[in-house]
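K.L.:
What follows is the file model.cif, containing mmCIF, N, CA and C atoms:
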data_run
loop_
_atom_site.label_atom_id
_atom_site.label_comp_id
_atom_site.auth_asym_id
_atom_site.auth_seq_id
_atom_site.Cartn_x
_atom_site.Cartn_y
_atom_site.Cartn_z
N MET A 181 0.84 -1.18 0.00
CA MET A 181 0.00 0.00 0.00
C MET A 181 0.88 1.24 0.00
N ALA A 182 0.44 2.26 -0.66
CA ALA A 182 1.20 3.50 -0.76
C ALA A 182 0.61 4.57 0.12
N CYS A 183 0.37 4.25 1.37
CA CYS A 183 -0.30 5.22 2.23
C CYS A 183 0.67 6.19 2.88
N THR A 184 1.94 5.89 2.88
CA THR A 184 2.90 6.85 3.42
C THR A 184 4.00 7.08 2.42
N GLY A 185 4.53 8.27 2.43
CA GLY A 185 5.62 8.61 1.54
C GLY A 185 6.94 8.37 2.23
N ASN A 186 8.01 8.68 1.54
CA ASN A 186 9.33 8.48 2.14
C ASN A 186 9.93 9.81 2.57
N GLU A 187 9.09 10.74 2.93
CA GLU A 187 9.59 12.02 3.41
C GLU A 187 9.55 12.05 4.93
N THR A 188 9.96 13.13 5.46
CA THR A 188 10.02 13.25 6.91
C THR A 188 9.15 14.38 7.39
N SER A 189 8.78 14.30 8.62
CA SER A 189 8.16 15.41 9.31
C SER A 189 9.11 15.74 10.44
N VAL A 190 9.45 16.97 10.58
CA VAL A 190 10.36 17.37 11.65
C VAL A 190 9.51 18.03 12.72
N SER A 191 9.42 17.43 13.86
CA SER A 191 8.63 17.97 14.95
C SER A 191 9.55 18.51 16.02
N VAL A 192 9.14 19.60 16.61
CA VAL A 192 9.90 20.17 17.72
C VAL A 192 8.99 20.16 18.93
N THR A 193 9.44 19.55 19.99
CA THR A 193 8.70 19.53 21.24
C THR A 193 9.45 20.39 22.23
N GLY A 194 8.75 21.28 22.88
CA GLY A 194 9.38 22.16 23.86
C GLY A 194 8.69 22.08 25.20
N ARG A 195 9.38 22.49 26.20
CA ARG A 195 8.81 22.55 27.55
C ARG A 195 9.01 23.97 28.03
N LEU A 196 7.90 24.63 28.34
CA LEU A 196 7.97 25.99 28.84
C LEU A 196 8.44 25.99 30.28
N PRO A 197 9.03 27.09 30.74
CA PRO A 197 9.41 27.16 32.15
C PRO A 197 8.19 26.98 33.04
N PRO A 198 8.37 26.48 34.27
CA PRO A 198 7.22 26.26 35.14
C PRO A 198 6.50 27.55 35.48
N ARG A 199 5.20 27.41 35.75
CA ARG A 199 4.40 28.55 36.18
C ARG A 199 4.81 28.93 37.60
N HIS A 200 4.38 30.12 38.03
CA HIS A 200 4.73 30.56 39.38
C HIS A 200 4.14 29.65 40.44
N SER A 201 2.92 29.20 40.24
CA SER A 201 2.32 28.25 41.18
C SER A 201 1.85 27.04 40.39
N PRO A 202 2.65 25.98 40.36
CA PRO A 202 2.31 24.82 39.55
C PRO A 202 1.03 24.16 40.05
N PRO A 203 0.28 23.53 39.14
CA PRO A 203 -0.94 22.86 39.55
C PRO A 203 -0.64 21.68 40.45
N ALA A 204 -1.61 21.35 41.27
CA ALA A 204 -1.46 20.19 42.15
C ALA A 204 -1.41 18.93 41.31
N PRO A 205 -0.63 17.93 41.74
CA PRO A 205 -0.58 16.68 40.98
C PRO A 205 -1.96 16.06 40.86
N SER A 206 -2.22 15.47 39.72
CA SER A 206 -3.50 14.84 39.45
C SER A 206 -3.25 13.49 38.81
N PRO A 207 -4.06 12.49 39.13
CA PRO A 207 -3.85 11.18 38.50
C PRO A 207 -4.04 11.24 36.98
N LYS A 208 -4.78 12.23 36.49
CA LYS A 208 -5.01 12.34 35.06
C LYS A 208 -3.82 12.97 34.34
N ARG A 209 -2.96 13.65 35.04
CA ARG A 209 -1.79 14.28 34.42
C ARG A 209 -0.71 13.23 34.20
N ASP A 210 0.12 13.47 33.19
CA ASP A 210 1.22 12.53 33.00
C ASP A 210 2.29 12.76 34.05
N ARG A 211 3.24 11.86 34.11
CA ARG A 211 4.23 11.90 35.18
C ARG A 211 5.10 13.13 35.14
N MET A 212 5.33 13.72 33.94
CA MET A 212 6.18 14.90 33.85
C MET A 212 5.45 16.17 34.30
N SER A 213 4.18 16.31 33.93
CA SER A 213 3.50 17.57 34.20
C SER A 213 3.13 17.72 35.67
N SER A 214 3.18 16.65 36.45
CA SER A 214 2.84 16.77 37.87
C SER A 214 4.05 17.16 38.72
N ARG A 215 5.22 17.22 38.13
CA ARG A 215 6.41 17.64 38.89
C ARG A 215 6.40 19.15 39.07
N PRO A 216 6.75 19.63 40.25
CA PRO A 216 6.70 21.07 40.48
C PRO A 216 7.65 21.87 39.60
N THR A 217 8.69 21.25 39.06
CA THR A 217 9.63 21.98 38.22
C THR A 217 9.26 21.91 36.74
N ALA A 218 8.19 21.20 36.42
CA ALA A 218 7.82 21.03 35.02
C ALA A 218 6.91 22.16 34.55
N GLY A 219 7.12 22.58 33.33
CA GLY A 219 6.24 23.56 32.71
C GLY A 219 5.33 22.89 31.71
N ARG A 220 4.57 23.69 31.01
CA ARG A 220 3.68 23.16 29.98
C ARG A 220 4.48 22.77 28.75
N ARG A 221 4.00 21.78 28.00
CA ARG A 221 4.66 21.32 26.80
C ARG A 221 3.91 21.78 25.57
N TRP A 222 4.64 21.91 24.47
CA TRP A 222 4.03 22.20 23.19
C TRP A 222 4.74 21.40 22.12
N TRP A 223 4.07 21.26 21.00
CA TRP A 223 4.61 20.48 19.91
C TRP A 223 4.33 21.21 18.62
N CYS A 224 5.31 21.38 17.80
CA CYS A 224 5.21 22.12 16.55
C CYS A 224 5.63 21.19 15.42
N THR A 225 4.76 21.02 14.41
CA THR A 225 5.07 20.18 13.27
C THR A 225 4.91 20.98 11.98
N PRO A 226 5.97 21.18 11.23
CA PRO A 226 5.87 21.91 9.96
C PRO A 226 5.07 21.12 8.92
N ALA A 227 4.77 21.77 7.83
CA ALA A 227 4.01 21.17 6.74
C ALA A 227 4.86 20.14 5.98
N VAL A 228 4.18 19.28 5.23
CA VAL A 228 4.84 18.22 4.47
C VAL A 228 5.93 18.75 3.55
N PRO A 229 5.70 19.82 2.76
CA PRO A 229 6.77 20.28 1.86
C PRO A 229 8.07 20.62 2.60
N PHE A 230 7.98 21.18 3.79
CA PHE A 230 9.18 21.47 4.58
C PHE A 230 9.92 20.18 4.91
N GLY A 231 9.17 19.15 5.32
CA GLY A 231 9.79 17.88 5.64
C GLY A 231 10.46 17.24 4.44
N VAL A 232 9.81 17.33 3.28
CA VAL A 232 10.38 16.76 2.07
C VAL A 232 11.68 17.49 1.72
N GLU A 233 11.66 18.81 1.83
CA GLU A 233 12.84 19.62 1.48
C GLU A 233 14.03 19.34 2.40
N HIS A 234 13.77 19.04 3.66
CA HIS A 234 14.84 18.88 4.65
C HIS A 234 15.03 17.43 5.09
N LEU A 235 14.64 16.50 4.23
CA LEU A 235 14.66 15.08 4.56
C LEU A 235 16.00 14.59 5.09
N GLU A 236 17.07 14.91 4.43
CA GLU A 236 18.37 14.36 4.78
C GLU A 236 19.23 15.27 5.64
N GLU A 237 18.72 16.43 6.02
CA GLU A 237 19.50 17.35 6.84
C GLU A 237 19.53 16.89 8.30
N GLU A 238 20.56 17.26 8.99
CA GLU A 238 20.68 16.95 10.41
C GLU A 238 19.64 17.75 11.20
N LYS A 239 19.12 17.16 12.26
CA LYS A 239 18.12 17.84 13.09
C LYS A 239 18.65 19.17 13.63
N GLU A 240 19.93 19.19 13.96
CA GLU A 240 20.52 20.40 14.52
C GLU A 240 20.53 21.57 13.53
N ARG A 241 20.51 21.25 12.24
CA ARG A 241 20.47 22.30 11.21
C ARG A 241 19.02 22.76 10.94
N VAL A 242 18.06 21.87 11.12
CA VAL A 242 16.66 22.16 10.81
C VAL A 242 15.95 22.87 11.97
N GLN A 243 16.29 22.49 13.18
CA GLN A 243 15.61 23.03 14.37
C GLN A 243 15.59 24.56 14.41
N PRO A 244 16.69 25.27 14.09
CA PRO A 244 16.64 26.74 14.13
C PRO A 244 15.60 27.34 13.17
N PHE A 245 15.42 26.72 11.99
CA PHE A 245 14.40 27.21 11.05
C PHE A 245 13.02 27.14 11.69
N ILE A 246 12.75 26.01 12.33
CA ILE A 246 11.44 25.81 12.94
C ILE A 246 11.24 26.78 14.10
N MET A 247 12.26 26.90 14.93
CA MET A 247 12.15 27.79 16.09
C MET A 247 11.98 29.25 15.66
N ASP A 248 12.69 29.67 14.60
CA ASP A 248 12.55 31.05 14.11
C ASP A 248 11.14 31.30 13.61
N GLU A 249 10.59 30.35 12.87
CA GLU A 249 9.23 30.52 12.35
C GLU A 249 8.21 30.50 13.48
N LEU A 250 8.41 29.65 14.46
CA LEU A 250 7.52 29.61 15.62
C LEU A 250 7.55 30.95 16.36
N HIS A 251 8.74 31.50 16.54
CA HIS A 251 8.86 32.80 17.21
C HIS A 251 8.20 33.91 16.39
N ARG A 252 8.32 33.81 15.06
CA ARG A 252 7.68 34.81 14.20
C ARG A 252 6.15 34.74 14.33
N LEU A 253 5.62 33.52 14.40
CA LEU A 253 4.18 33.34 14.50
C LEU A 253 3.64 33.61 15.91
N MET A 254 4.45 33.33 16.92
CA MET A 254 4.03 33.49 18.31
C MET A 254 5.12 34.23 19.09
N PRO A 255 5.27 35.52 18.86
CA PRO A 255 6.38 36.26 19.47
C PRO A 255 6.30 36.33 21.00
N ASP A 256 5.13 36.15 21.58
CA ASP A 256 4.99 36.23 23.04
C ASP A 256 5.22 34.90 23.74
N LEU A 257 5.47 33.84 22.99
CA LEU A 257 5.75 32.54 23.60
C LEU A 257 7.08 32.62 24.32
N PRO A 258 7.10 32.30 25.63
CA PRO A 258 8.38 32.38 26.36
C PRO A 258 9.39 31.39 25.79
N PRO A 259 10.67 31.68 25.94
CA PRO A 259 11.68 30.73 25.46
C PRO A 259 11.52 29.39 26.19
N PRO A 260 11.67 28.30 25.48
CA PRO A 260 11.49 27.00 26.13
C PRO A 260 12.64 26.68 27.08
N ALA A 261 12.31 25.92 28.12
CA ALA A 261 13.33 25.44 29.05
C ALA A 261 14.15 24.33 28.41
N SER A 262 13.52 23.59 27.47
CA SER A 262 14.23 22.54 26.74
C SER A 262 13.53 22.34 25.40
N VAL A 263 14.29 21.81 24.44
CA VAL A 263 13.75 21.57 23.10
C VAL A 263 14.28 20.23 22.61
N LYS A 264 13.41 19.46 21.96
CA LYS A 264 13.82 18.21 21.34
C LYS A 264 13.30 18.21 19.91
N CYS A 265 14.18 18.03 18.96
CA CYS A 265 13.81 17.98 17.55
C CYS A 265 13.75 16.51 17.14
N GLN A 266 12.64 16.10 16.55
CA GLN A 266 12.42 14.70 16.18
C GLN A 266 12.11 14.60 14.71
N LYS A 267 12.81 13.75 13.98
CA LYS A 267 12.50 13.50 12.57
C LYS A 267 11.66 12.23 12.47
N TRP A 268 10.62 12.31 11.66
CA TRP A 268 9.76 11.16 11.40
C TRP A 268 9.86 10.86 9.91
N ARG A 269 10.63 9.86 9.57
CA ARG A 269 10.85 9.56 8.15
C ARG A 269 9.58 9.13 7.44
N TYR A 270 8.73 8.38 8.07
CA TYR A 270 7.50 7.90 7.43
C TYR A 270 6.31 8.39 8.23
N SER A 271 5.93 9.62 8.01
CA SER A 271 4.86 10.16 8.84
C SER A 271 3.76 10.86 8.07
N GLN A 272 4.02 11.28 6.86
CA GLN A 272 3.05 12.06 6.12
C GLN A 272 2.60 11.32 4.87
N VAL A 273 1.36 11.54 4.51
CA VAL A 273 0.81 10.93 3.32
C VAL A 273 1.15 11.80 2.12
N THR A 274 1.80 11.20 1.14
CA THR A 274 2.06 11.93 -0.10
C THR A 274 1.17 11.41 -1.22
N ARG A 275 0.78 10.16 -1.13
CA ARG A 275 -0.19 9.57 -2.07
C ARG A 275 -1.12 8.70 -1.25
N SER A 276 -2.41 8.98 -1.34
CA SER A 276 -3.36 8.15 -0.60
C SER A 276 -3.55 6.83 -1.34
N VAL A 277 -4.10 5.85 -0.65
CA VAL A 277 -4.35 4.55 -1.24
C VAL A 277 -5.36 4.72 -2.38
N ALA A 278 -5.00 4.23 -3.55
CA ALA A 278 -5.85 4.41 -4.73
C ALA A 278 -7.16 3.64 -4.60
N ASP A 279 -8.22 4.23 -5.11
CA ASP A 279 -9.54 3.60 -5.19
C ASP A 279 -10.11 3.18 -3.83
N CYS A 280 -9.73 3.85 -2.78
CA CYS A 280 -10.24 3.58 -1.43
C CYS A 280 -10.57 4.90 -0.77
N PRO A 281 -11.66 5.54 -1.17
CA PRO A 281 -11.97 6.86 -0.61
C PRO A 281 -12.34 6.81 0.87
N GLY A 282 -11.37 7.05 1.71
CA GLY A 282 -11.62 7.17 3.14
C GLY A 282 -11.42 5.91 3.95
N GLN A 283 -11.53 4.75 3.34
CA GLN A 283 -11.39 3.51 4.10
C GLN A 283 -11.15 2.35 3.15
N MET A 284 -10.74 1.23 3.72
CA MET A 284 -10.58 0.00 2.95
C MET A 284 -11.10 -1.14 3.81
N THR A 285 -12.08 -1.85 3.31
CA THR A 285 -12.61 -3.01 4.01
C THR A 285 -11.78 -4.22 3.59
N LEU A 286 -11.05 -4.79 4.55
CA LEU A 286 -10.19 -5.93 4.26
C LEU A 286 -10.93 -7.25 4.39
N LEU A 287 -11.79 -7.34 5.39
CA LEU A 287 -12.58 -8.56 5.61
C LEU A 287 -14.01 -8.17 5.95
N SER A 288 -14.96 -8.96 5.44
CA SER A 288 -16.36 -8.72 5.79
C SER A 288 -16.75 -9.51 7.03
N GLU A 289 -16.15 -10.69 7.21
CA GLU A 289 -16.49 -11.52 8.35
C GLU A 289 -15.23 -12.18 8.89
N PRO A 290 -14.73 -11.88 10.04
CA PRO A 290 -15.16 -10.75 10.87
C PRO A 290 -14.79 -9.43 10.18
N LEU A 291 -15.53 -8.40 10.48
CA LEU A 291 -15.32 -7.12 9.83
C LEU A 291 -13.96 -6.54 10.21
N LEU A 292 -13.18 -6.18 9.20
CA LEU A 292 -11.88 -5.56 9.41
C LEU A 292 -11.76 -4.38 8.44
N VAL A 293 -11.74 -3.18 8.99
CA VAL A 293 -11.73 -1.96 8.18
C VAL A 293 -10.49 -1.15 8.54
N CYS A 294 -9.80 -0.66 7.52
CA CYS A 294 -8.67 0.24 7.71
C CYS A 294 -9.11 1.66 7.41
N GLY A 295 -8.57 2.60 8.15
CA GLY A 295 -8.89 4.00 7.91
C GLY A 295 -7.73 4.88 8.31
N GLY A 296 -7.88 6.15 8.09
CA GLY A 296 -6.85 7.12 8.43
C GLY A 296 -6.57 8.03 7.26
N ASP A 297 -5.71 9.01 7.49
CA ASP A 297 -5.45 9.99 6.43
C ASP A 297 -4.71 9.38 5.24
N GLY A 298 -4.19 8.18 5.37
CA GLY A 298 -3.58 7.48 4.24
C GLY A 298 -4.60 7.08 3.18
N PHE A 299 -5.87 7.20 3.52
CA PHE A 299 -6.94 6.88 2.57
C PHE A 299 -7.63 8.14 2.07
N THR A 300 -7.14 9.30 2.47
CA THR A 300 -7.76 10.56 2.05
C THR A 300 -6.67 11.56 1.72
N GLN A 301 -6.31 12.41 2.69
CA GLN A 301 -5.28 13.43 2.52
C GLN A 301 -4.59 13.67 3.86
N SER A 302 -3.37 14.13 3.83
CA SER A 302 -2.57 14.25 5.03
C SER A 302 -2.85 15.55 5.78
N ASN A 303 -3.97 15.56 6.47
CA ASN A 303 -4.30 16.67 7.36
C ASN A 303 -5.45 16.26 8.26
N PHE A 304 -5.84 17.14 9.16
CA PHE A 304 -6.89 16.82 10.11
C PHE A 304 -8.21 16.53 9.40
N ASP A 305 -8.52 17.32 8.37
CA ASP A 305 -9.75 17.08 7.61
C ASP A 305 -9.76 15.69 7.00
N GLY A 306 -8.60 15.24 6.53
CA GLY A 306 -8.50 13.90 5.97
C GLY A 306 -8.77 12.83 7.02
N CYS A 307 -8.30 13.04 8.23
CA CYS A 307 -8.57 12.10 9.32
C CYS A 307 -10.06 12.04 9.64
N ILE A 308 -10.69 13.21 9.70
CA ILE A 308 -12.14 13.26 9.99
C ILE A 308 -12.92 12.60 8.87
N GLU A 309 -12.57 12.91 7.63
CA GLU A 309 -13.26 12.31 6.48
C GLU A 309 -13.17 10.78 6.53
N SER A 310 -11.99 10.27 6.83
CA SER A 310 -11.81 8.83 6.92
C SER A 310 -12.62 8.24 8.08
N ALA A 311 -12.60 8.91 9.22
CA ALA A 311 -13.35 8.41 10.38
C ALA A 311 -14.83 8.31 10.06
N LEU A 312 -15.37 9.27 9.34
CA LEU A 312 -16.78 9.22 8.96
C LEU A 312 -17.07 8.07 8.01
N LYS A 313 -16.15 7.81 7.07
CA LYS A 313 -16.32 6.69 6.14
C LYS A 313 -16.26 5.35 6.89
N VAL A 314 -15.31 5.22 7.82
CA VAL A 314 -15.22 4.00 8.61
C VAL A 314 -16.48 3.82 9.45
N PHE A 315 -16.97 4.91 10.02
CA PHE A 315 -18.22 4.85 10.80
C PHE A 315 -19.37 4.36 9.94
N GLN A 316 -19.48 4.85 8.69
CA GLN A 316 -20.55 4.41 7.81
C GLN A 316 -20.47 2.91 7.56
N VAL A 317 -19.27 2.38 7.34
CA VAL A 317 -19.09 0.96 7.13
C VAL A 317 -19.50 0.16 8.37
N LEU A 318 -19.02 0.62 9.53
CA LEU A 318 -19.36 -0.08 10.78
C LEU A 318 -20.87 -0.04 11.03
N LYS A 319 -21.47 1.11 10.84
CA LYS A 319 -22.91 1.27 11.06
C LYS A 319 -23.72 0.38 10.13
N SER A 320 -23.33 0.31 8.86
CA SER A 320 -24.07 -0.52 7.90
C SER A 320 -23.91 -2.02 8.17
N SER A 321 -22.89 -2.39 8.92
CA SER A 321 -22.67 -3.82 9.21
C SER A 321 -23.47 -4.30 10.41
N LEU A 322 -24.08 -3.37 11.16
CA LEU A 322 -24.84 -3.77 12.34
C LEU A 322 -26.24 -4.26 12.01
#
Would you write out, as structure tokens, the structure that this file holds?

P.N.:
Amino acid sequence: MACTGNETSVSVTGRLPPRHSPPAPSPKRDRMSSRPTAGRRWWCTPAVPFGVEHLEEEKERVQPFIMDELHRLMPDLPPPASVKCQKWRYSQVTRSVADCPGQMTLLSEPLLVCGGDGFTQSNFDGCIESALKVFQVLKSSL
């Protein structure tokens, strides 16, 4: 199946400095956010063309581009306490699965349906479109 391309997505995850009065630990919070020295986290993922263009570059060379653009878009965002740049070689859809608009039914009995943006387009709308198609298949099988 050709649901993923061979390009990369470069994601930058940052941790903001802790707030003046950190929230009380909660069982619903992850282990990092309940620490008094931990700040809020954010994640920034550039568009597919950026990932394709910078596929073979070192993370250390790409991270400044992302951070500069993030600062341009959000100038009031405090500087992060830490930053981690992550490359995802197989993360974005460049060609969706042919002739499978939104989903692919692999088995009728037992029902096995595949879905995701690999069957539509690589964005949030593609995920929603696929989820609705999978829902239609599941609903019609009941």

K.L.:
Record the distance separating CA of Ser320 (chain A) and CA of Asn303 (chain A), expressed in Å with one decimal.

P.N.:
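That distance, rounded to one decimal, is 26.2 Å.
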
K.L.:
Set the distance at 9 Å and use only C-alpha atoms: which residues neighbour Leu291 (chain A) once local chain neighbours fewer than 3 positions away are removed? I'd like the list as a PyMOL selection string.

P.N.:
chain A and resi 285-288+318+321

K.L.:
So how many Å separate atom C of Ala261 (chain A) and atom N of Pro226 (chain A), to one decimal?

P.N.:
19.3 Å

K.L.:
Atom C of Asp248 (chain A) and atom C of Val232 (chain A) are how many Å apart?

P.N.:
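About the pair atom C of Asp248 (chain A) and atom C of Val232 (chain A): they are 18.2 Å apart.
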
K.L.:
Between A:Thr300, A:Thr225, A:Gln243, A:Ser262, which residue has the minimum interatomic distance to Cys280 (chain A), considering only C-alpha atoms?

P.N.:
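Using only C-alpha atoms, the shortest distance to Cys280 (chain A) belongs to A:Thr300.
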
K.L.:
Let me know the residues the PyMOL selection byres ((chain A and resi 294) around 5) catches in the file above, as a PyMOL selection string.

P.N.:
chain A and resi 283-285+292-293+295-296

K.L.:
Taking only C-alpha atoms into account, name the residue in A:Gln301, A:Arg221, A:Phe245, A:Pro281 that is nearest to Pro260 (chain A).

P.N.:
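For Pro260 (chain A), the nearest of the given residues is A:Arg221.
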
K.L.:
For this structure, which residues satisfy the selection - the PyMOL selection byres ((chain A and resi 277) around 6) - when it is evaluated on the file as given? I want them as a VMD selection string.

P.N.:
chain A and resid 182 to 183 275 to 276 278 to 280 298 to 300

K.L.:
Compare A:Gly282, A:Lys267, A:Gly231, A:Trp222 by their minimum atom-to-atom distance to Leu250 (chain A), counting only C-alpha atoms, and give me the closest one.

P.N.:
A:Trp222

K.L.:
Let me make sure I understand: among A:Cys265, A:Val273, A:Glu237, A:Phe230, which one has the smallest atom-to-atom distance to Cys307 (chain A) if we use only C-alpha atoms?

P.N.:
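When distances to Cys307 (chain A) are compared using only C-alpha atoms, the smallest one comes from A:Val273.
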
K.L.:
Because the input lacks atoms here, generate all heavy atoms for region 309-318 of chain A and report them as a PDB file, in the frame of the given file.

P.N.:
ATOM      1  N   GLU A 309     -12.570  12.910   7.630  1.00  0.00           N
ATOM      2  CA  GLU A 309     -13.260  12.310   6.480  1.00  0.00           C
ATOM      3  C   GLU A 309     -13.170  10.780   6.530  1.00  0.00           C
ATOM      4  O   GLU A 309     -14.168  10.084   6.333  1.00  0.00           O
ATOM      5  CB  GLU A 309     -12.628  12.830   5.186  1.00  0.00           C
ATOM      6  CG  GLU A 309     -13.241  12.272   3.929  1.00  0.00           C
ATOM      7  CD  GLU A 309     -12.526  12.745   2.672  1.00  0.00           C
ATOM      8  OE1 GLU A 309     -11.789  13.742   2.720  1.00  0.00           O
ATOM      9  OE2 GLU A 309     -12.717  12.095   1.627  1.00  0.00           O
ATOM     10  N   SER A 310     -11.990  10.270   6.830  1.00  0.00           N
ATOM     11  CA  SER A 310     -11.810   8.830   6.920  1.00  0.00           C
ATOM     12  C   SER A 310     -12.620   8.240   8.080  1.00  0.00           C
ATOM     13  O   SER A 310     -13.253   7.203   7.931  1.00  0.00           O
ATOM     14  CB  SER A 310     -10.335   8.483   7.084  1.00  0.00           C
ATOM     15  OG  SER A 310     -10.179   7.091   7.246  1.00  0.00           O
ATOM     16  N   ALA A 311     -12.600   8.910   9.220  1.00  0.00           N
ATOM     17  CA  ALA A 311     -13.350   8.410  10.380  1.00  0.00           C
ATOM     18  C   ALA A 311     -14.830   8.310  10.060  1.00  0.00           C
ATOM     19  O   ALA A 311     -15.501   7.330  10.445  1.00  0.00           O
ATOM     20  CB  ALA A 311     -13.129   9.341  11.577  1.00  0.00           C
ATOM     21  N   LEU A 312     -15.370   9.270   9.340  1.00  0.00           N
ATOM     22  CA  LEU A 312     -16.780   9.220   8.960  1.00  0.00           C
ATOM     23  C   LEU A 312     -17.070   8.070   8.010  1.00  0.00           C
ATOM     24  O   LEU A 312     -18.103   7.397   8.121  1.00  0.00           O
ATOM     25  CB  LEU A 312     -17.210  10.557   8.353  1.00  0.00           C
ATOM     26  CG  LEU A 312     -17.226  11.735   9.323  1.00  0.00           C
ATOM     27  CD1 LEU A 312     -17.470  13.046   8.580  1.00  0.00           C
ATOM     28  CD2 LEU A 312     -18.256  11.530  10.421  1.00  0.00           C
ATOM     29  N   LYS A 313     -16.150   7.810   7.070  1.00  0.00           N
ATOM     30  CA  LYS A 313     -16.320   6.690   6.140  1.00  0.00           C
ATOM     31  C   LYS A 313     -16.260   5.350   6.890  1.00  0.00           C
ATOM     32  O   LYS A 313     -17.059   4.451   6.633  1.00  0.00           O
ATOM     33  CB  LYS A 313     -15.244   6.725   5.053  1.00  0.00           C
ATOM     34  CG  LYS A 313     -15.305   7.918   4.156  1.00  0.00           C
ATOM     35  CD  LYS A 313     -16.445   7.815   3.190  1.00  0.00           C
ATOM     36  CE  LYS A 313     -16.366   8.977   2.205  1.00  0.00           C
ATOM     37  NZ  LYS A 313     -17.375   8.901   1.178  1.00  0.00           N
ATOM     38  N   VAL A 314     -15.310   5.220   7.820  1.00  0.00           N
ATOM     39  CA  VAL A 314     -15.220   4.000   8.610  1.00  0.00           C
ATOM     40  C   VAL A 314     -16.480   3.820   9.450  1.00  0.00           C
ATOM     41  O   VAL A 314     -17.032   2.711   9.535  1.00  0.00           O
ATOM     42  CB  VAL A 314     -13.948   4.011   9.500  1.00  0.00           C
ATOM     43  CG1 VAL A 314     -13.978   2.874  10.509  1.00  0.00           C
ATOM     44  CG2 VAL A 314     -12.699   3.949   8.641  1.00  0.00           C
ATOM     45  N   PHE A 315     -16.970   4.910  10.020  1.00  0.00           N
ATOM     46  CA  PHE A 315     -18.220   4.850  10.800  1.00  0.00           C
ATOM     47  C   PHE A 315     -19.370   4.360   9.940  1.00  0.00           C
ATOM     48  O   PHE A 315     -20.169   3.525  10.379  1.00  0.00           O
ATOM     49  CB  PHE A 315     -18.535   6.218  11.403  1.00  0.00           C
ATOM     50  CG  PHE A 315     -19.875   6.259  12.090  1.00  0.00           C
ATOM     51  CD1 PHE A 315     -20.052   5.634  13.305  1.00  0.00           C
ATOM     52  CD2 PHE A 315     -20.945   6.911  11.491  1.00  0.00           C
ATOM     53  CE1 PHE A 315     -21.287   5.653  13.941  1.00  0.00           C
ATOM     54  CE2 PHE A 315     -22.180   6.950  12.117  1.00  0.00           C
ATOM     55  CZ  PHE A 315     -22.353   6.313  13.330  1.00  0.00           C
ATOM     56  N   GLN A 316     -19.480   4.850   8.690  1.00  0.00           N
ATOM     57  CA  GLN A 316     -20.550   4.410   7.810  1.00  0.00           C
ATOM     58  C   GLN A 316     -20.470   2.910   7.560  1.00  0.00           C
ATOM     59  O   GLN A 316     -21.488   2.210   7.568  1.00  0.00           O
ATOM     60  CB  GLN A 316     -20.491   5.157   6.470  1.00  0.00           C
ATOM     61  CG  GLN A 316     -20.895   6.602   6.568  1.00  0.00           C
ATOM     62  CD  GLN A 316     -20.644   7.353   5.261  1.00  0.00           C
ATOM     63  OE1 GLN A 316     -20.053   6.829   4.315  1.00  0.00           O
ATOM     64  NE2 GLN A 316     -21.093   8.608   5.224  1.00  0.00           N
ATOM     65  N   VAL A 317     -19.270   2.380   7.340  1.00  0.00           N
ATOM     66  CA  VAL A 317     -19.090   0.960   7.130  1.00  0.00           C
ATOM     67  C   VAL A 317     -19.500   0.160   8.370  1.00  0.00           C
ATOM     68  O   VAL A 317     -20.209  -0.826   8.287  1.00  0.00           O
ATOM     69  CB  VAL A 317     -17.629   0.641   6.715  1.00  0.00           C
ATOM     70  CG1 VAL A 317     -17.372  -0.870   6.699  1.00  0.00           C
ATOM     71  CG2 VAL A 317     -17.303   1.256   5.370  1.00  0.00           C
ATOM     72  N   LEU A 318     -19.020   0.620   9.530  1.00  0.00           N
ATOM     73  CA  LEU A 318     -19.360  -0.080  10.780  1.00  0.00           C
ATOM     74  C   LEU A 318     -20.870  -0.040  11.030  1.00  0.00           C
ATOM     75  O   LEU A 318     -21.477  -1.050  11.397  1.00  0.00           O
ATOM     76  CB  LEU A 318     -18.610   0.532  11.945  1.00  0.00           C
ATOM     77  CG  LEU A 318     -17.095   0.382  11.935  1.00  0.00           C
ATOM     78  CD1 LEU A 318     -16.463   1.168  13.066  1.00  0.00           C
ATOM     79  CD2 LEU A 318     -16.699  -1.090  12.011  1.00  0.00           C
TER      80      LEU A 318
END
